[in-house]
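What follows is the content of entry.cif (mmCIF, C-alpha atoms).
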data_structure
#
loop_
_atom_site.group_PDB
_atom_site.id
_atom_site.type_symbol
_atom_site.label_atom_id
_atom_site.label_comp_id
_atom_site.auth_asym_id
_atom_site.auth_seq_id
_atom_site.Cartn_x
_atom_site.Cartn_y
_atom_site.Cartn_z
ATOM 1 C CA MET A 1 206.600 121.027 5.757
ATOM 2 C CA ALA A 2 204.417 117.956 6.189
ATOM 3 C CA GLU A 3 201.477 117.055 4.048
ATOM 4 C CA LEU A 4 198.413 115.832 5.878
ATOM 5 C CA THR A 5 195.780 113.573 4.397
ATOM 6 C CA PHE A 6 192.224 113.146 5.601
ATOM 7 C CA GLU A 7 189.861 110.426 4.411
ATOM 8 C CA VAL A 8 186.166 109.842 4.573
ATOM 9 C CA VAL A 9 184.174 107.106 2.879
ATOM 10 C CA THR A 10 180.798 107.965 1.423
ATOM 11 C CA ARG A 11 178.222 105.415 0.334
ATOM 12 C CA PHE A 12 175.059 105.813 -1.615
ATOM 13 C CA THR A 13 172.361 103.292 -2.403
ATOM 14 C CA GLY A 14 169.216 103.556 -4.425
ATOM 15 C CA SER A 15 168.560 105.932 -7.215
ATOM 16 C CA GLY A 16 167.245 109.399 -7.746
ATOM 17 C CA ARG A 17 167.073 112.192 -5.209
ATOM 18 C CA GLU A 18 165.365 109.991 -2.646
ATOM 19 C CA ALA A 19 168.326 107.675 -2.301
ATOM 20 C CA ILE A 20 170.053 107.352 1.064
ATOM 21 C CA GLY A 21 173.741 107.188 1.822
ATOM 22 C CA SER A 22 176.215 107.254 4.646
ATOM 23 C CA VAL A 23 179.427 109.017 5.497
ATOM 24 C CA GLU A 24 182.058 107.113 7.441
ATOM 25 C CA THR A 25 184.504 109.306 9.270
ATOM 26 C CA GLY A 26 186.409 109.021 12.498
ATOM 27 C CA GLY A 27 184.880 105.642 13.186
ATOM 28 C CA GLN A 28 181.374 107.112 13.030
ATOM 29 C CA VAL A 29 178.790 106.435 10.365
ATOM 30 C CA VAL A 30 176.501 109.350 9.580
ATOM 31 C CA PRO A 31 173.498 108.715 7.336
ATOM 32 C CA TRP A 32 172.833 111.320 4.696
ATOM 33 C CA SER A 33 170.428 112.119 1.903
ATOM 34 C CA ALA A 34 169.357 115.104 -0.137
ATOM 35 C CA PRO A 35 167.278 117.468 1.993
ATOM 36 C CA SER A 36 163.509 117.177 1.714
ATOM 37 C CA GLY A 37 163.355 120.841 0.701
ATOM 38 C CA MET A 38 165.330 119.864 -2.386
ATOM 39 C CA GLY A 39 163.268 116.818 -3.256
ATOM 40 C CA GLY A 40 165.295 114.313 -1.241
ATOM 41 C CA SER A 41 164.188 111.946 1.492
ATOM 42 C CA GLY A 42 165.503 114.258 4.201
ATOM 43 C CA GLU A 43 166.851 111.316 6.202
ATOM 44 C CA GLY A 44 169.964 111.842 8.249
ATOM 45 C CA SER A 45 172.191 114.773 7.423
ATOM 46 C CA SER A 46 172.540 116.443 4.028
ATOM 47 C CA PRO A 47 175.574 117.643 2.077
ATOM 48 C CA GLU A 48 174.459 121.193 2.863
ATOM 49 C CA GLU A 49 174.377 120.434 6.589
ATOM 50 C CA LEU A 50 177.676 118.590 6.447
ATOM 51 C CA LEU A 51 179.289 121.656 4.906
ATOM 52 C CA ALA A 52 177.744 123.798 7.629
ATOM 53 C CA GLY A 53 179.038 121.291 10.170
ATOM 54 C CA ALA A 54 182.553 121.476 8.754
ATOM 55 C CA VAL A 55 182.595 125.261 8.936
ATOM 56 C CA GLY A 56 180.808 125.336 12.285
ATOM 57 C CA THR A 57 183.133 122.867 13.983
ATOM 58 C CA CYS A 58 186.215 124.638 12.673
ATOM 59 C CA TYR A 59 184.813 127.999 13.727
ATOM 60 C CA THR A 60 183.911 126.741 17.202
ATOM 61 C CA GLY A 61 187.333 125.227 17.798
ATOM 62 C CA THR A 62 189.030 128.377 16.589
ATOM 63 C CA LEU A 63 186.824 130.519 18.802
ATOM 64 C CA GLY A 64 187.639 128.406 21.843
ATOM 65 C CA ALA A 65 191.364 128.716 21.175
ATOM 66 C CA LEU A 66 191.157 132.476 20.711
ATOM 67 C CA LEU A 67 189.035 133.006 23.821
ATOM 68 C CA THR A 68 191.627 131.117 25.825
ATOM 69 C CA ARG A 69 194.464 133.080 24.209
ATOM 70 C CA ASP A 70 192.694 136.363 24.978
ATOM 71 C CA GLN A 71 191.997 135.227 28.554
ATOM 72 C CA LEU A 72 188.271 135.629 28.123
ATOM 73 C CA PRO A 73 186.474 133.254 30.489
ATOM 74 C CA TRP A 74 184.323 130.497 29.022
ATOM 75 C CA ASN A 75 183.007 127.150 30.139
ATOM 76 C CA ARG A 76 181.575 125.817 26.882
ATOM 77 C CA LEU A 77 180.519 127.092 23.486
ATOM 78 C CA GLN A 78 177.427 126.596 21.420
ATOM 79 C CA VAL A 79 177.446 127.928 17.894
ATOM 80 C CA LEU A 80 174.429 128.087 15.622
ATOM 81 C CA LEU A 81 175.406 128.044 11.958
ATOM 82 C CA GLN A 82 172.738 129.058 9.451
ATOM 83 C CA GLU A 83 173.402 128.330 5.808
ATOM 84 C CA THR A 84 171.401 130.059 3.080
ATOM 85 C CA VAL A 85 170.906 128.645 -0.400
ATOM 86 C CA ALA A 86 169.853 131.351 -2.858
ATOM 87 C CA ASP A 87 168.182 131.161 -6.250
ATOM 88 C CA TYR A 88 166.808 127.696 -5.635
ATOM 89 C CA PRO A 89 165.610 125.900 -7.694
ATOM 90 C CA GLY A 90 167.413 126.515 -10.933
ATOM 91 C CA PRO A 91 170.882 126.489 -12.429
ATOM 92 C CA LYS A 92 171.940 129.514 -10.402
ATOM 93 C CA ALA A 93 171.241 127.869 -7.045
ATOM 94 C CA ARG A 94 174.173 128.473 -4.726
ATOM 95 C CA ILE A 95 175.151 128.750 -1.101
ATOM 96 C CA SER A 96 175.059 132.482 -0.560
ATOM 97 C CA ARG A 97 175.548 132.947 3.161
ATOM 98 C CA LEU A 98 176.886 131.288 6.293
ATOM 99 C CA LEU A 99 175.908 133.033 9.503
ATOM 100 C CA VAL A 100 177.411 131.947 12.815
ATOM 101 C CA THR A 101 175.806 132.909 16.106
ATOM 102 C CA PRO A 102 178.104 131.997 18.995
ATOM 103 C CA GLU A 103 176.921 131.561 22.548
ATOM 104 C CA VAL A 104 179.489 131.554 25.342
ATOM 105 C CA VAL A 105 178.389 129.677 28.413
ATOM 106 C CA GLY A 106 180.211 130.862 31.489
ATOM 107 C CA GLY A 107 181.319 134.125 29.900
ATOM 108 C CA ASP A 108 181.849 137.497 31.557
ATOM 109 C CA PHE A 109 178.919 139.812 30.786
ATOM 110 C CA ASN A 110 181.021 142.888 31.375
ATOM 111 C CA ARG A 111 183.358 142.011 28.495
ATOM 112 C CA LEU A 112 180.781 141.510 25.764
ATOM 113 C CA ALA A 113 182.550 143.817 23.299
ATOM 114 C CA GLU A 114 185.745 141.781 23.675
ATOM 115 C CA TYR A 115 183.856 138.531 23.051
ATOM 116 C CA GLN A 116 182.343 140.054 19.924
ATOM 117 C CA ARG A 117 185.749 141.089 18.602
ATOM 118 C CA THR A 118 187.166 137.643 19.276
ATOM 119 C CA ALA A 119 184.156 135.987 17.629
ATOM 120 C CA GLU A 120 184.805 137.966 14.459
ATOM 121 C CA LEU A 121 188.500 137.213 14.631
ATOM 122 C CA ALA A 122 187.644 133.499 14.863
ATOM 123 C CA ARG A 123 185.772 133.826 11.572
ATOM 124 C CA ASP A 124 188.879 135.343 9.980
ATOM 125 C CA HIS A 125 191.089 132.585 11.407
ATOM 126 C CA CYS A 126 188.750 129.681 10.650
ATOM 127 C CA PHE A 127 190.794 127.321 8.485
ATOM 128 C CA ILE A 128 187.859 125.742 6.688
ATOM 129 C CA GLY A 129 186.339 129.171 6.165
ATOM 130 C CA HIS A 130 189.392 130.154 4.151
ATOM 131 C CA HIS A 131 188.375 127.584 1.554
ATOM 132 C CA LEU A 132 184.906 128.946 0.959
ATOM 133 C CA ARG A 133 184.270 130.680 -2.326
ATOM 134 C CA SER A 134 184.589 134.415 -2.117
ATOM 135 C CA ASP A 135 180.958 134.972 -3.103
ATOM 136 C CA ILE A 136 179.708 133.242 0.062
ATOM 137 C CA ALA A 137 179.061 135.768 2.813
ATOM 138 C CA TYR A 138 180.584 134.288 5.976
ATOM 139 C CA GLU A 139 179.271 136.443 8.819
ATOM 140 C CA VAL A 140 179.191 136.547 12.605
ATOM 141 C CA SER A 141 176.032 137.549 14.426
ATOM 142 C CA GLY A 142 175.855 138.977 17.943
ATOM 143 C CA VAL A 143 177.580 136.917 20.615
ATOM 144 C CA GLY A 144 175.359 135.630 23.400
ATOM 145 C CA ILE A 145 176.678 135.094 26.902
ATOM 146 C CA ARG A 146 175.062 132.736 29.345
ATOM 147 C CA ALA A 147 175.843 131.978 32.936
ATOM 148 C CA VAL A 148 176.915 128.524 34.036
ATOM 149 C CA THR A 149 174.272 127.017 36.220
ATOM 150 C CA GLN A 150 174.858 124.046 38.404
ATOM 151 C CA PRO A 151 171.786 122.180 39.608
ATOM 152 C CA GLU A 152 170.668 123.829 42.817
ATOM 153 C CA GLY A 153 173.220 126.569 42.201
ATOM 154 C CA GLU A 154 172.714 130.290 42.639
ATOM 155 C CA LEU A 155 172.215 132.916 39.977
ATOM 156 C CA ASP A 156 173.063 136.242 41.568
ATOM 157 C CA VAL A 157 172.016 139.027 39.209
ATOM 158 C CA ARG A 158 172.699 141.898 41.595
ATOM 159 C CA PRO A 159 176.054 142.865 40.051
ATOM 160 C CA LEU A 160 174.513 143.134 36.590
ATOM 161 C CA PRO A 161 172.922 146.233 35.041
ATOM 162 C CA PRO A 162 169.127 145.853 35.182
ATOM 163 C CA ALA A 163 168.811 145.766 31.406
ATOM 164 C CA GLN A 164 170.960 142.615 31.239
ATOM 165 C CA ARG A 165 169.297 140.642 34.015
ATOM 166 C CA HIS A 166 166.115 139.649 32.295
ATOM 167 C CA GLN A 167 167.702 137.916 29.309
ATOM 168 C CA LEU A 168 170.255 136.160 31.485
ATOM 169 C CA ILE A 169 167.624 134.702 33.791
ATOM 170 C CA PHE A 170 165.393 133.440 31.004
ATOM 171 C CA SER A 171 168.247 131.844 29.074
ATOM 172 C CA THR A 172 169.674 130.299 32.244
ATOM 173 C CA ILE A 173 166.490 128.706 33.526
ATOM 174 C CA GLU A 174 165.786 127.300 30.082
ATOM 175 C CA GLU A 175 169.005 125.327 30.469
ATOM 176 C CA LEU A 176 167.805 123.638 33.652
ATOM 177 C CA GLU A 177 167.115 119.944 33.416
ATOM 178 C CA VAL A 178 163.642 118.849 34.401
ATOM 179 C CA GLY A 179 163.627 118.256 38.138
ATOM 180 C CA THR A 180 166.473 120.651 38.896
ATOM 181 C CA ALA A 181 166.360 124.194 40.224
ATOM 182 C CA LEU A 182 168.411 127.299 40.805
ATOM 183 C CA THR A 183 168.222 130.046 43.357
ATOM 184 C CA LEU A 184 167.781 133.511 41.912
ATOM 185 C CA VAL A 185 169.318 136.254 44.066
ATOM 186 C CA ASN A 186 168.106 139.787 43.481
ATOM 187 C CA ASP A 187 168.085 143.193 45.164
ATOM 188 C CA HIS A 188 164.317 143.567 44.898
ATOM 189 C CA ASP A 189 161.313 141.292 44.725
ATOM 190 C CA PRO A 190 161.481 139.605 41.287
ATOM 191 C CA LEU A 191 157.699 139.314 41.178
ATOM 192 C CA PRO A 192 157.514 140.802 37.644
ATOM 193 C CA LEU A 193 159.600 137.886 36.459
ATOM 194 C CA ARG A 194 157.135 135.460 37.992
ATOM 195 C CA TYR A 195 154.252 136.975 36.056
ATOM 196 C CA GLN A 196 156.298 136.835 32.854
ATOM 197 C CA LEU A 197 157.303 133.226 33.487
ATOM 198 C CA GLU A 198 153.694 132.195 33.963
ATOM 199 C CA ALA A 199 152.563 134.095 30.849
ATOM 200 C CA THR A 200 155.303 132.780 28.596
ATOM 201 C CA ARG A 201 156.026 129.337 30.006
ATOM 202 C CA GLY A 202 152.857 128.287 31.813
ATOM 203 C CA ASP A 203 153.504 126.022 34.787
ATOM 204 C CA ARG A 204 156.828 124.662 33.576
ATOM 205 C CA PHE A 205 158.642 126.370 36.454
ATOM 206 C CA SER A 206 157.993 126.369 40.177
ATOM 207 C CA TRP A 207 158.570 129.460 42.293
ATOM 208 C CA ASP A 208 159.408 129.429 46.017
ATOM 209 C CA TYR A 209 160.649 132.342 48.078
ATOM 210 C CA LEU A 210 163.608 131.472 50.292
ATOM 211 C CA GLU A 211 164.274 135.040 51.436
ATOM 212 C CA SER A 212 162.036 138.094 51.044
ATOM 213 C CA GLY A 213 163.968 141.273 51.641
ATOM 214 C CA PRO A 214 164.333 143.861 52.840
ATOM 215 C CA LYS A 215 167.644 144.039 50.931
ATOM 216 C CA THR A 216 167.965 140.617 49.377
ATOM 217 C CA TRP A 217 165.435 138.354 47.723
ATOM 218 C CA LYS A 218 166.106 134.688 47.019
ATOM 219 C CA VAL A 219 163.738 132.587 44.954
ATOM 220 C CA ARG A 220 164.110 128.927 44.135
ATOM 221 C CA ILE A 221 163.023 128.426 40.528
ATOM 222 C CA GLY A 222 162.562 124.791 39.595
ATOM 223 C CA ARG A 223 162.008 123.260 36.184
ATOM 224 C CA GLN A 224 158.979 120.985 36.335
ATOM 225 C CA SER A 225 158.545 119.986 32.703
ATOM 226 C CA MET B 1 151.188 142.163 13.235
ATOM 227 C CA THR B 2 153.264 144.739 15.104
ATOM 228 C CA PRO B 3 151.319 147.175 17.262
ATOM 229 C CA SER B 4 152.208 150.824 16.988
ATOM 230 C CA ILE B 5 154.305 152.406 19.710
ATOM 231 C CA ALA B 6 151.403 154.742 20.441
ATOM 232 C CA MET B 7 149.086 151.809 21.113
ATOM 233 C CA VAL B 8 151.657 150.117 23.330
ATOM 234 C CA ARG B 9 152.060 153.326 25.327
ATOM 235 C CA LEU B 10 148.315 153.599 25.664
ATOM 236 C CA LEU B 11 148.024 149.999 26.883
ATOM 237 C CA ASP B 12 150.911 150.627 29.270
ATOM 238 C CA ARG B 13 149.131 153.647 30.736
ATOM 239 C CA ALA B 14 145.825 151.817 30.958
ATOM 240 C CA LEU B 15 147.409 148.930 32.861
ATOM 241 C CA ARG B 16 149.152 151.282 35.268
ATOM 242 C CA GLU B 17 145.889 153.057 35.929
ATOM 243 C CA LEU B 18 144.105 149.732 36.391
ATOM 244 C CA GLY B 19 146.681 148.842 39.009
ATOM 245 C CA ASP B 20 146.444 152.263 40.553
ATOM 246 C CA ALA B 21 142.710 151.706 40.896
ATOM 247 C CA GLY B 22 143.400 148.680 43.070
ATOM 248 C CA GLU B 23 143.217 145.929 40.424
ATOM 249 C CA THR B 24 146.902 145.130 40.705
ATOM 250 C CA GLU B 25 146.635 141.395 40.139
ATOM 251 C CA ARG B 26 144.537 141.771 36.988
ATOM 252 C CA ALA B 27 146.818 144.482 35.674
ATOM 253 C CA CYS B 28 149.906 142.345 36.280
ATOM 254 C CA ARG B 29 148.399 139.345 34.487
ATOM 255 C CA LEU B 30 147.462 141.496 31.506
ATOM 256 C CA ALA B 31 150.864 143.191 31.402
ATOM 257 C CA ALA B 32 152.545 139.783 31.429
ATOM 258 C CA GLU B 33 150.282 138.638 28.586
ATOM 259 C CA ALA B 34 151.207 141.742 26.612
ATOM 260 C CA TYR B 35 154.864 140.975 27.265
ATOM 261 C CA ALA B 36 154.380 137.371 26.089
ATOM 262 C CA ALA B 37 152.625 138.535 22.923
ATOM 263 C CA LEU B 38 155.564 140.737 21.957
ATOM 264 C CA GLU B 39 158.495 138.774 23.396
ATOM 265 C CA LYS B 40 159.492 137.077 20.145
ATOM 266 C CA SER B 41 158.336 139.541 17.500
ATOM 267 C CA ASN B 42 159.392 142.787 19.142
ATOM 268 C CA PRO B 43 161.544 142.368 22.270
ATOM 269 C CA GLU B 44 162.091 146.123 22.675
ATOM 270 C CA LEU B 45 158.387 146.839 22.842
ATOM 271 C CA ALA B 46 157.923 143.821 25.111
ATOM 272 C CA GLU B 47 160.393 145.349 27.556
ATOM 273 C CA ARG B 48 157.995 148.232 28.047
ATOM 274 C CA PHE B 49 155.687 145.818 29.859
ATOM 275 C CA THR B 50 158.566 144.683 32.063
ATOM 276 C CA GLY B 51 158.576 148.301 33.196
ATOM 277 C CA THR B 52 154.815 148.184 33.649
ATOM 278 C CA LEU B 53 155.150 145.098 35.838
ATOM 279 C CA HIS B 54 157.766 146.785 37.977
ATOM 280 C CA HIS B 55 155.562 149.754 38.432
ATOM 281 C CA LEU B 56 152.634 147.557 39.394
ATOM 282 C CA THR B 57 154.538 145.357 41.826
ATOM 283 C CA CYS B 58 156.998 147.805 43.354
ATOM 284 C CA VAL B 59 155.227 151.148 43.522
ATOM 285 C CA PRO B 60 152.511 151.750 46.120
ATOM 286 C CA PRO B 61 149.051 152.345 44.610
ATOM 287 C CA GLY B 62 148.273 156.001 44.070
ATOM 288 C CA SER B 63 151.675 157.090 42.840
ATOM 289 C CA LEU B 64 151.462 156.472 39.120
ATOM 290 C CA GLN B 65 154.831 157.023 37.486
ATOM 291 C CA GLU B 66 155.813 157.949 33.994
ATOM 292 C CA ALA B 67 156.236 154.972 31.688
ATOM 293 C CA VAL B 68 159.686 153.421 31.552
ATOM 294 C CA GLU B 69 161.215 153.705 28.102
ATOM 295 C CA PRO B 70 161.772 150.401 26.266
ATOM 296 C CA GLY B 71 165.203 148.968 26.938
ATOM 297 C CA HIS B 72 165.533 150.705 30.276
ATOM 298 C CA ALA B 73 163.161 148.600 32.264
ATOM 299 C CA GLN B 74 164.420 146.983 35.411
ATOM 300 C CA LEU B 75 164.091 143.328 36.193
#
Here is a file; write its structure as structure tokens.
Amino acid sequence: MAELTFEVVTRFTGSGREAIGSVETGGQVVPWSAPSGMGGSGEGSSPEELLAGAVGTCYTGTLGALLTRDQLPWNRLQVLLQETVADYPGPKARISRLLVTPEVVGGDFNRLAEYQRTAELARDHCFIGHHLRSDIAYEVSGVGIRAVTQPEGELDVRPLPPAQRHQLIFSTIEELEVGTALTLVNDHDPLPLRYQLEATRGDRFSWDYLESGPKTWKVRIGRQS
Amino acid sequence: MTPSIAMVRLLDRALRELGDAGETERACRLAAEAYAALEKSNPELAERFTGTLHHLTCVPPGSLQEAVEPGHAQL
């Protein structure tokens, strides 16, 4: 069995909690300091965030491998990792919880339960996670699934149950780059969505009917700002 | 502040009746504002106004329907 070695170089200049340092790894230099919430300068990353990054990257890679193994479709992954420090300040301050919230872009909405199972399995298989102290709760939140949207592509929500359409559309159009658009395809006039868009997002999105029934509605929704 | 379910139902009914009285545009704007107010804090209650909007935009005036239960609203 081989033994692998990994190296990083950390530097630190100044004194006190407001000092600033750097981490050199993989040819990259990442500035770091103590977080402002803990009396530091808050510049760059923090040891707390670097730990979250280590767990999050390992988790994300593991999840990708397991999704592929389980033949669950995915295009890319985005994982939010929230780290909780409890009993701060004081001698009992400790990292109490790591919560991962995975989002699968290009996933299959009809297989959500399978994605959830795999997301929890990824937590169990996460190599870095194995090295966390046992009193840190390492948990997986609900998996989100988002459609892949190409600029000027179509988002056909007709095959989806009505209760799933709304969330999918909002999350998908939020991903649009400014100046790009998608065509929403629906089996009825999506006028309610237009009212909701205007109420929640002002004039950030344009709305142009390309087809208006009687069986199919197509609306070009463009991101303006 | 989270509004009570009873108040949300009452607002839902009032908006449907406003639309039924011919003020569809005003009712839709208000329903969308109610949705926006609840979207982050209480998505399930917000969904009730998605149902309101569907009623207002899809159902001909004069045929007021029962409120759609939260979570079962259509797009």
Padding 3 Å on each side, edges along x, y and z: where is the centre of the box around the listed atoms of stretch 32-36 of chain B, and how long are its edges in Å to one decimal? Output it as lines of an AutoDock Vina configuration file.
center_x = 152.6
center_y = 139.6
center_z = 28.8
size_x = 10.6
size_y = 10.4
size_z = 11.3
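The neighbours of B:Phe49 here are the residues that come within 8 Å of it, using all atoms listed in the file and leaving out any residue fewer than 6 positions away in the same chain; they are Asp12, Ala31, Ala32, Ala34 and Tyr35 of chain B.
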Residues near A:Ala54, anyone? I mean within 9 Å using all atoms listed in the file, not counting same-chain ones fewer than 4 positions away, as JSON, numbers by chain.
{"A": [49, 50, 58, 59, 128, 129]}
Sorted by chain and rising residue number, which residues of chain A lie within 7 Å of chain B, and what are their closest atom pairs and distances in Å to one decimal, counting all atoms listed in the file, as CSV?
residue,atom,partner,partner_atom,distance
A:Pro162,CA,B:Gln74,CA,4.8
A:Ala163,CA,B:His72,CA,6.0
A:Arg165,CA,B:Leu75,CA,6.2
A:His166,CA,B:Leu75,CA,5.7
A:Pro190,CA,B:Leu75,CA,6.8
A:Leu191,CA,B:Thr57,CA,6.9
A:Pro192,CA,B:Leu53,CA,5.2
A:Tyr195,CA,B:Ala32,CA,5.7
A:Gln196,CA,B:Ala32,CA,5.0
A:Ala199,CA,B:Glu33,CA,5.6
A:Thr200,CA,B:Ala36,CA,5.3
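For the pair atom CA of B:Leu10 and atom CA of B:Lys40, the interatomic distance is 20.7 Å.
When the PyMOL selection byres ((chain A and resi 115) around 10) is evaluated against the file, it yields A:Leu63, A:Leu66, A:Leu67, A:Asp70, A:Leu72, A:Pro73, A:Pro102, A:Glu103, A:Val104, A:Gly107, A:Asp108, A:Phe109, A:Asn110, A:Arg111, A:Leu112, A:Ala113, A:Glu114, A:Gln116, A:Arg117, A:Thr118, A:Ala119, A:Glu120, A:Leu121, A:Gly142, A:Val143, A:Gly144, A:Ile145.
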Enumerate, as a PyMOL selection string, the residues matched when the PyMOL selection byres ((chain A and resi 16-26) around 10) is run on the file above.
chain A and resi 6-15+27-36+38-46+50
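Interatomic distance, atom CA of A:Arg133 to atom CA of A:Ala65: 24.6 Å.
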Looking at A:Arg76, A:Arg220, A:His130, A:Arg194, which one is nearest to A:Val148, with distances taken over all atoms listed in the file?
A:Arg76
Please indicate the distance in Å from atom CA of A:Gln82 to atom CA of A:Ser141, rounded to one decimal place.
10.4 Å
List the neighbours of stretch 212-216 of chain A out to 8 Å using all atoms listed in the file; skip same-chain residues closer than 5 positions along the sequence, and give me the result as a ChimeraX atom specification.
/A:185-189
Keeping only C-alpha atoms, write the selected residues to a file as an mmCIF file, in the frame of the given file.
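The result, stored in again17.cif:
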data_model
loop_
_atom_site.group_PDB
_atom_site.id
_atom_site.type_symbol
_atom_site.label_atom_id
_atom_site.label_comp_id
_atom_site.auth_asym_id
_atom_site.auth_seq_id
_atom_site.Cartn_x
_atom_site.Cartn_y
_atom_site.Cartn_z
ATOM 1 C CA VAL A 185 169.318 136.254 44.066
ATOM 2 C CA ASN A 186 168.106 139.787 43.481
ATOM 3 C CA ASP A 187 168.085 143.193 45.164
ATOM 4 C CA HIS A 188 164.317 143.567 44.898
ATOM 5 C CA ASP A 189 161.313 141.292 44.725
#
